[in-house]
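Asks: See data.tsv below, with TSV, C-alpha atoms.
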```tsv
chain	number	residue	atom	x	y	z
A	1	PHE	CA	0.00	0.00	0.00
A	2	VAL	CA	1.44	3.35	-1.01
A	3	PHE	CA	0.38	6.36	1.04
A	4	LEU	CA	0.38	9.35	-1.31
A	5	ASP	CA	1.96	12.00	0.89
A	6	ASP	CA	3.61	14.05	-1.84
A	7	VAL	CA	0.53	14.82	-3.93
A	8	GLN	CA	-1.32	18.13	-3.91
A	9	TYR	CA	-3.68	18.75	-1.01
A	10	GLU	CA	-7.31	18.93	-2.09
A	11	LYS	CA	-9.57	21.27	-0.16
A	12	ASN	CA	-13.00	19.82	0.74
A	13	SER	CA	-11.89	16.22	0.19
A	14	PHE	CA	-11.66	13.37	2.67
A	15	ILE	CA	-7.99	14.10	3.37
A	16	ASN	CA	-8.70	16.11	6.53
A	17	ARG	CA	-12.32	15.29	7.23
A	18	ASN	CA	-14.80	12.45	7.45
A	19	LYS	CA	-18.35	11.80	8.57
A	20	ILE	CA	-19.79	10.16	11.65
A	21	LYS	CA	-23.39	9.40	12.56
A	22	THR	CA	-25.43	11.34	15.11
A	23	PRO	CA	-29.13	11.23	16.07
A	24	LYS	CA	-29.66	14.02	13.52
A	25	GLY	CA	-27.79	12.30	10.69
A	26	ALA	CA	-24.22	12.43	9.42
A	27	ILE	CA	-21.88	15.26	10.43
A	28	TRP	CA	-18.30	16.13	9.47
A	29	LEU	CA	-15.30	15.82	11.77
A	30	THR	CA	-12.68	18.12	10.27
A	31	VAL	CA	-9.01	18.62	11.08
A	32	PRO	CA	-8.43	22.35	10.51
A	33	VAL	CA	-5.51	23.17	8.26
A	34	LYS	CA	-3.69	26.29	7.15
A	35	ILE	CA	-4.61	26.55	3.49
A	36	LYS	CA	-2.77	29.68	2.43
A	37	GLY	CA	-0.80	28.64	-0.64
A	38	HIS	CA	-2.25	25.11	-0.63
A	39	LEU	CA	-2.54	25.00	-4.43
A	40	SER	CA	1.24	24.75	-4.67
A	41	MET	CA	1.78	22.51	-1.64
A	42	SER	CA	1.96	18.76	-1.26
A	43	MET	CA	-0.03	17.06	1.44
A	44	ARG	CA	3.05	16.65	3.61
A	45	GLU	CA	3.60	20.44	3.53
A	46	ILE	CA	0.07	21.28	4.72
A	47	GLU	CA	0.15	22.37	8.34
A	48	ILE	CA	-2.54	21.67	10.88
A	49	ASP	CA	-4.05	24.80	12.40
A	50	LYS	CA	-3.05	24.38	16.04
A	51	SER	CA	-5.06	27.42	17.14
A	52	LYS	CA	-8.18	25.23	17.03
A	53	LYS	CA	-8.90	22.59	19.71
A	54	TRP	CA	-9.99	20.03	17.14
A	55	GLN	CA	-8.74	16.96	19.02
A	56	THR	CA	-10.83	17.74	22.09
A	57	ALA	CA	-13.84	18.57	19.94
A	58	HIS	CA	-13.54	15.34	17.92
A	59	LEU	CA	-13.23	13.18	21.01
A	60	LYS	CA	-16.19	14.87	22.70
A	61	THR	CA	-18.32	14.48	19.56
A	62	VAL	CA	-17.38	10.81	19.21
A	63	TYR	CA	-18.04	10.20	22.90
A	64	LEU	CA	-21.49	11.84	22.85
A	65	ASN	CA	-22.59	10.03	19.70
A	66	TYR	CA	-21.08	6.57	20.22
A	67	LYS	CA	-21.08	5.98	23.99
A	68	LYS	CA	-24.03	3.59	23.58
A	69	ALA	CA	-22.37	1.60	20.78
A	70	GLY	CA	-21.63	-2.06	21.45
A	71	ARG	CA	-17.81	-1.90	21.44
A	72	PHE	CA	-17.43	1.67	22.69
A	73	GLU	CA	-15.74	0.82	26.00
A	74	MET	CA	-13.17	-1.36	24.28
A	75	CYS	CA	-12.41	1.15	21.51
A	76	TYR	CA	-12.69	4.67	22.92
A	77	SER	CA	-9.56	4.57	25.07
A	78	LYS	CA	-7.53	3.55	22.00
A	79	LEU	CA	-8.98	6.48	20.11
A	80	GLU	CA	-8.12	8.85	22.97
A	81	LYS	CA	-4.53	7.64	22.83
A	82	LEU	CA	-4.41	8.17	19.07
A	83	TYR	CA	-5.63	11.75	19.54
A	84	GLU	CA	-3.04	12.60	22.22
A	85	LYS	CA	-0.17	13.33	19.85
A	86	GLU	CA	0.39	16.88	18.59
A	87	TYR	CA	0.97	17.13	14.86
A	88	GLN	CA	2.42	19.90	12.77
A	89	PHE	CA	1.74	18.39	9.34
A	90	LEU	CA	-1.44	16.78	8.05
A	91	ALA	CA	0.40	13.94	6.29
A	92	ASP	CA	1.93	12.78	9.59
A	93	LEU	CA	-1.50	12.65	11.22
A	94	CYS	CA	-2.93	10.77	8.23
A	95	TRP	CA	-0.01	8.33	8.30
A	96	ASP	CA	-0.48	7.56	12.00
A	97	GLN	CA	-4.23	7.15	11.50
A	98	LEU	CA	-3.64	4.77	8.59
A	99	ILE	CA	-1.21	2.62	10.57
A	100	PHE	CA	-3.50	2.66	13.62
A	101	TRP	CA	-6.54	1.45	11.67
A	102	LEU	CA	-4.61	-1.17	9.73
A	103	ASN	CA	-3.43	-2.56	13.08
A	104	GLU	CA	-6.94	-2.39	14.56
A	105	PHE	CA	-8.31	-4.44	11.69
A	106	ARG	CA	-5.28	-6.74	11.71
A	107	ILE	CA	-4.42	-5.89	8.12
A	108	ASP	CA	-0.81	-6.88	7.63
A	109	LYS	CA	0.47	-5.13	4.53
A	110	ARG	CA	3.66	-3.30	3.76
A	111	VAL	CA	2.94	0.45	3.74
A	112	ILE	CA	5.30	3.05	2.34
A	113	ARG	CA	5.12	6.78	1.69
A	114	SER	CA	5.20	7.84	-1.94
A	115	SER	CA	7.75	10.52	-1.01
A	116	GLU	CA	10.22	7.71	-0.25
A	117	LEU	CA	10.04	6.64	-3.90
A	118	LYS	CA	11.11	10.08	-5.20
A	119	SER	CA	9.16	9.98	-8.44
A	120	GLY	CA	8.89	13.56	-9.67
A	121	GLU	CA	5.95	12.56	-11.88
A	122	LYS	CA	2.35	13.80	-11.61
A	123	LYS	CA	-1.08	12.20	-11.92
A	124	SER	CA	-1.04	9.12	-14.17
A	125	GLY	CA	2.74	9.27	-14.54
A	126	LEU	CA	3.16	9.22	-10.76
A	127	ILE	CA	0.98	6.15	-10.33
A	128	LEU	CA	2.69	4.35	-13.21
A	129	ASP	CA	6.14	5.22	-11.84
A	130	ILE	CA	5.18	3.91	-8.38
A	131	CYS	CA	3.84	0.69	-9.90
A	132	LYS	CA	7.04	0.20	-11.89
A	133	LYS	CA	9.30	0.92	-8.90
A	134	LEU	CA	7.40	-1.65	-6.85
A	135	ASN	CA	7.27	-4.23	-9.68
A	136	ALA	CA	3.47	-4.19	-9.71
A	137	ASN	CA	1.48	-6.01	-12.35
A	138	HIS	CA	-1.94	-4.99	-11.00
A	139	TYR	CA	-3.16	-1.59	-9.78
A	140	LEU	CA	-6.38	-1.07	-7.83
A	141	SER	CA	-7.59	2.46	-8.50
A	142	GLY	CA	-10.33	4.56	-7.05
A	143	VAL	CA	-13.18	5.17	-9.46
A	144	LEU	CA	-11.97	8.73	-10.16
A	145	GLY	CA	-8.81	7.27	-11.66
A	146	ARG	CA	-10.82	6.79	-14.85
A	147	ASN	CA	-10.62	10.57	-15.28
A	148	TYR	CA	-6.83	10.78	-15.45
A	149	LEU	CA	-5.08	7.40	-15.73
A	150	ARG	CA	-3.54	6.78	-19.16
A	151	GLU	CA	-4.54	3.14	-19.38
A	152	GLU	CA	-2.51	2.45	-22.54
A	153	GLU	CA	0.71	3.36	-20.69
A	154	PHE	CA	-0.08	0.86	-17.95
A	155	LYS	CA	-0.86	-1.86	-20.52
A	156	LYS	CA	2.45	-1.19	-22.30
A	157	ASN	CA	4.19	-1.80	-18.98
A	158	GLY	CA	2.26	-5.01	-18.21
A	159	ILE	CA	0.16	-3.46	-15.45
A	160	GLU	CA	-3.55	-4.23	-15.27
A	161	ILE	CA	-5.80	-1.50	-13.84
A	162	GLU	CA	-8.83	-2.49	-11.81
A	163	TYR	CA	-11.28	0.22	-10.78
A	164	GLN	CA	-12.75	-0.04	-7.34
A	165	ASP	CA	-16.51	-0.51	-7.20
A	166	TYR	CA	-17.02	-0.16	-3.47
A	167	LYS	CA	-20.44	-0.75	-2.03
A	168	SER	CA	-20.79	-0.39	1.71
A	169	HIS	CA	-22.01	-3.50	3.47
A	170	ILE	CA	-24.77	-2.95	6.02
A	171	TYR	CA	-23.72	-3.23	9.64
A	172	SER	CA	-25.31	-2.32	12.95
A	173	GLN	CA	-25.45	1.44	13.59
A	174	LEU	CA	-27.02	3.61	16.23
A	175	TRP	CA	-29.67	6.21	15.43
A	176	GLY	CA	-32.14	4.77	12.94
A	177	ASP	CA	-31.69	3.92	9.29
A	178	PHE	CA	-28.32	2.81	7.98
A	179	ILE	CA	-26.11	5.55	6.50
A	180	PRO	CA	-23.36	4.22	4.19
A	181	ASN	CA	-19.86	5.58	3.63
A	182	LEU	CA	-19.18	7.06	7.03
A	183	GLY	CA	-15.74	7.26	8.60
A	184	ILE	CA	-14.09	4.15	9.94
A	185	ILE	CA	-14.96	5.18	13.52
A	186	ASP	CA	-18.59	4.33	12.77
A	187	LEU	CA	-17.72	0.75	11.92
```
Once you've parsed the file, please lay out its structure as structure tokens.

Replies:
Amino acid sequence: FVFLDDVQYEKNSFINRNKIKTPKGAIWLTVPVKIKGHLSMSMREIEIDKSKKWQTAHLKTVYLNYKKAGRFEMCYSKLEKLYEKEYQFLADLCWDQLIFWLNEFRIDKRVIRSSELKSGEKKSGLILDICKKLNANHYLSGVLGRNYLREEEFKKNGIEIEYQDYKSHIYSQLWGDFIPNLGIIDL
């Protein structure tokens, strides 16, 4: 798994925010970031806005909305520990969250940062370069990859592209009807 930490930050994406369920429906939990100049910055250059008390607010919101969930007692203390660390850069927070959740779900995969691969390419070229450097013959892409991946280049290099067709499975939730595609905390 390659964590793309050297790509451009996208405002209003899921990079620094995600949804949880409340009695009134889904709400966003957002990590505030300093966005001045973000159009020319990679994700690992985006700084978290430390003037906001987002960690305390997130934990309180999770507590109030999930304290009646079946596994809350077992999970909340782990989440508190995850939220203890102070971060300067968004990519470092995202990295720690990724590793935390992979461990929680006992997913044992090698994970590296794209910045370690030192590509210098952009968009489709970046993905192709990463695949080549890691000797990949199969690439699982998000559905939006259809908008920018140059499929013929991947084929020429013996790399098959598969586009994700994710459909949320239904699991037990609090607060009424099932809402799909919430943050991992909900699961």

Asks: Hey, which bits of segment 33-92 of chain A sit within 8 Å of segment 15-21 of chain A, and for each residue what's the closest pair of atoms and how far apart in Å (one decimal), counting only C-alpha atoms, rows by chain and increasing number, as a Markdown table?

Replies:
```
| residue | atom | partner | partner_atom | distance |
| --- | --- | --- | --- | --- |
| A:Val33 | CA | A:Asn16 | CA | 7.9 |
| A:Val62 | CA | A:Ile20 | CA | 8.0 |
| A:Asn65 | CA | A:Lys21 | CA | 7.2 |
| A:Leu90 | CA | A:Asn16 | CA | 7.4 |
```

Asks: Rounded to one decimal, what separation in Å do you get between atom CA of Lys109 of chain A and atom CA of Cys131 of chain A?

Replies: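 These two atoms are separated by 15.9 Å.
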
Asks: Using all atoms listed in the file, which protein or nucleic acid residues come within 10 Å of segment 143-148 of chain A? Drop anything in the same chain fewer than 5 positions from it, and give the result as an MDAnalysis selection string.

Replies: chainID A and resid 123:125 127 161:166

Asks: Nearest to Glu152 of chain A: which of A:Leu128, A:Asn12, A:Ser77, A:Gly183 is it, counting all atoms listed in the file?

Replies: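 Closest to Glu152 of chain A, using all atoms listed in the file: A:Leu128.
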
Asks: For a quick check of understanding, using all atoms listed in the file, which of A:Arg71, A:Arg44, A:Lys50, A:His58 has the smallest distance to Leu4 of chain A?

Replies: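 Nearest candidate to Leu4 of chain A out of A:Arg71, A:Arg44, A:Lys50, A:His58: A:Arg44.
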
Asks: Which distance in Å separates atom CA of Leu82 of chain A and atom CA of Leu140 of chain A, to one decimal?

Replies: 28.5 Å

Asks: Every residue with an atom at most 6 Å from (2.4, 16.0, 2.9) (file coordinates; all atoms listed in the file) is what I'm after, so could you write them as a VMD selection string?

Replies: chain A and resid 5 to 6 42 to 45 91

Asks: Could you write out the selected residues, including C-alpha atoms, as a PDB file, keeping the file's coordinate frame?

Replies:
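Contents of out_19.pdb, freshly written:
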```pdb
ATOM      1  CA  ASP A   5       1.960  12.000   0.890  1.00  0.00           C
ATOM      2  CA  ASP A   6       3.610  14.050  -1.840  1.00  0.00           C
ATOM      3  CA  SER A  42       1.960  18.760  -1.260  1.00  0.00           C
ATOM      4  CA  MET A  43      -0.030  17.060   1.440  1.00  0.00           C
ATOM      5  CA  ARG A  44       3.050  16.650   3.610  1.00  0.00           C
ATOM      6  CA  GLU A  45       3.600  20.440   3.530  1.00  0.00           C
ATOM      7  CA  ALA A  91       0.400  13.940   6.290  1.00  0.00           C
TER       8      ALA A  91
END
```

Asks: A:Val111, A:Ile159, A:Ile46, A:Leu29: which is nearest Ile184 of chain A, counting only C-alpha atoms?

Replies: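 When distances to Ile184 of chain A are compared using only C-alpha atoms, the smallest one comes from A:Leu29.
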
Asks: Assuming 5 Å of padding per side, give the centre and edge lengths of the axis-aligned box around every listed atom of segment 132-137 of chain A, in Å to one decimal and as JSON.

Replies:
```
{"center_x": 5.4, "center_y": -2.5, "center_z": -9.6, "size_x": 17.8, "size_y": 16.9, "size_z": 15.5}
```

Asks: What's the separation between atom CA of Ser115 of chain A and atom CA of Ile130 of chain A, in Å to one decimal place?

Replies: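 Pair atom CA of Ser115 of chain A / atom CA of Ile130 of chain A returns 10.2 Å.
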
Asks: For Trp101 of chain A, which of A:Arg113, A:Phe178, A:Ile185, A:Ala26 is the closest residue, counting all atoms listed in the file?

Replies: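 For Trp101 of chain A, the nearest of the given residues is A:Ile185.
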
Asks: For Leu93 of chain A, which residue among A:Leu174, A:Ala69, A:Val31, A:Leu59 is the nearest when counting all atoms listed in the file?

Replies: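 Among A:Leu174, A:Ala69, A:Val31, A:Leu59, it is A:Val31 that comes nearest to Leu93 of chain A.
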
Asks: Which of these residues is nearest to Arg150 of chain A, using all atoms listed in the file: A:Leu182, A:Leu126, A:Leu102, A:Leu79?

Replies: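 Closest to Arg150 of chain A of all the choices is A:Leu126.
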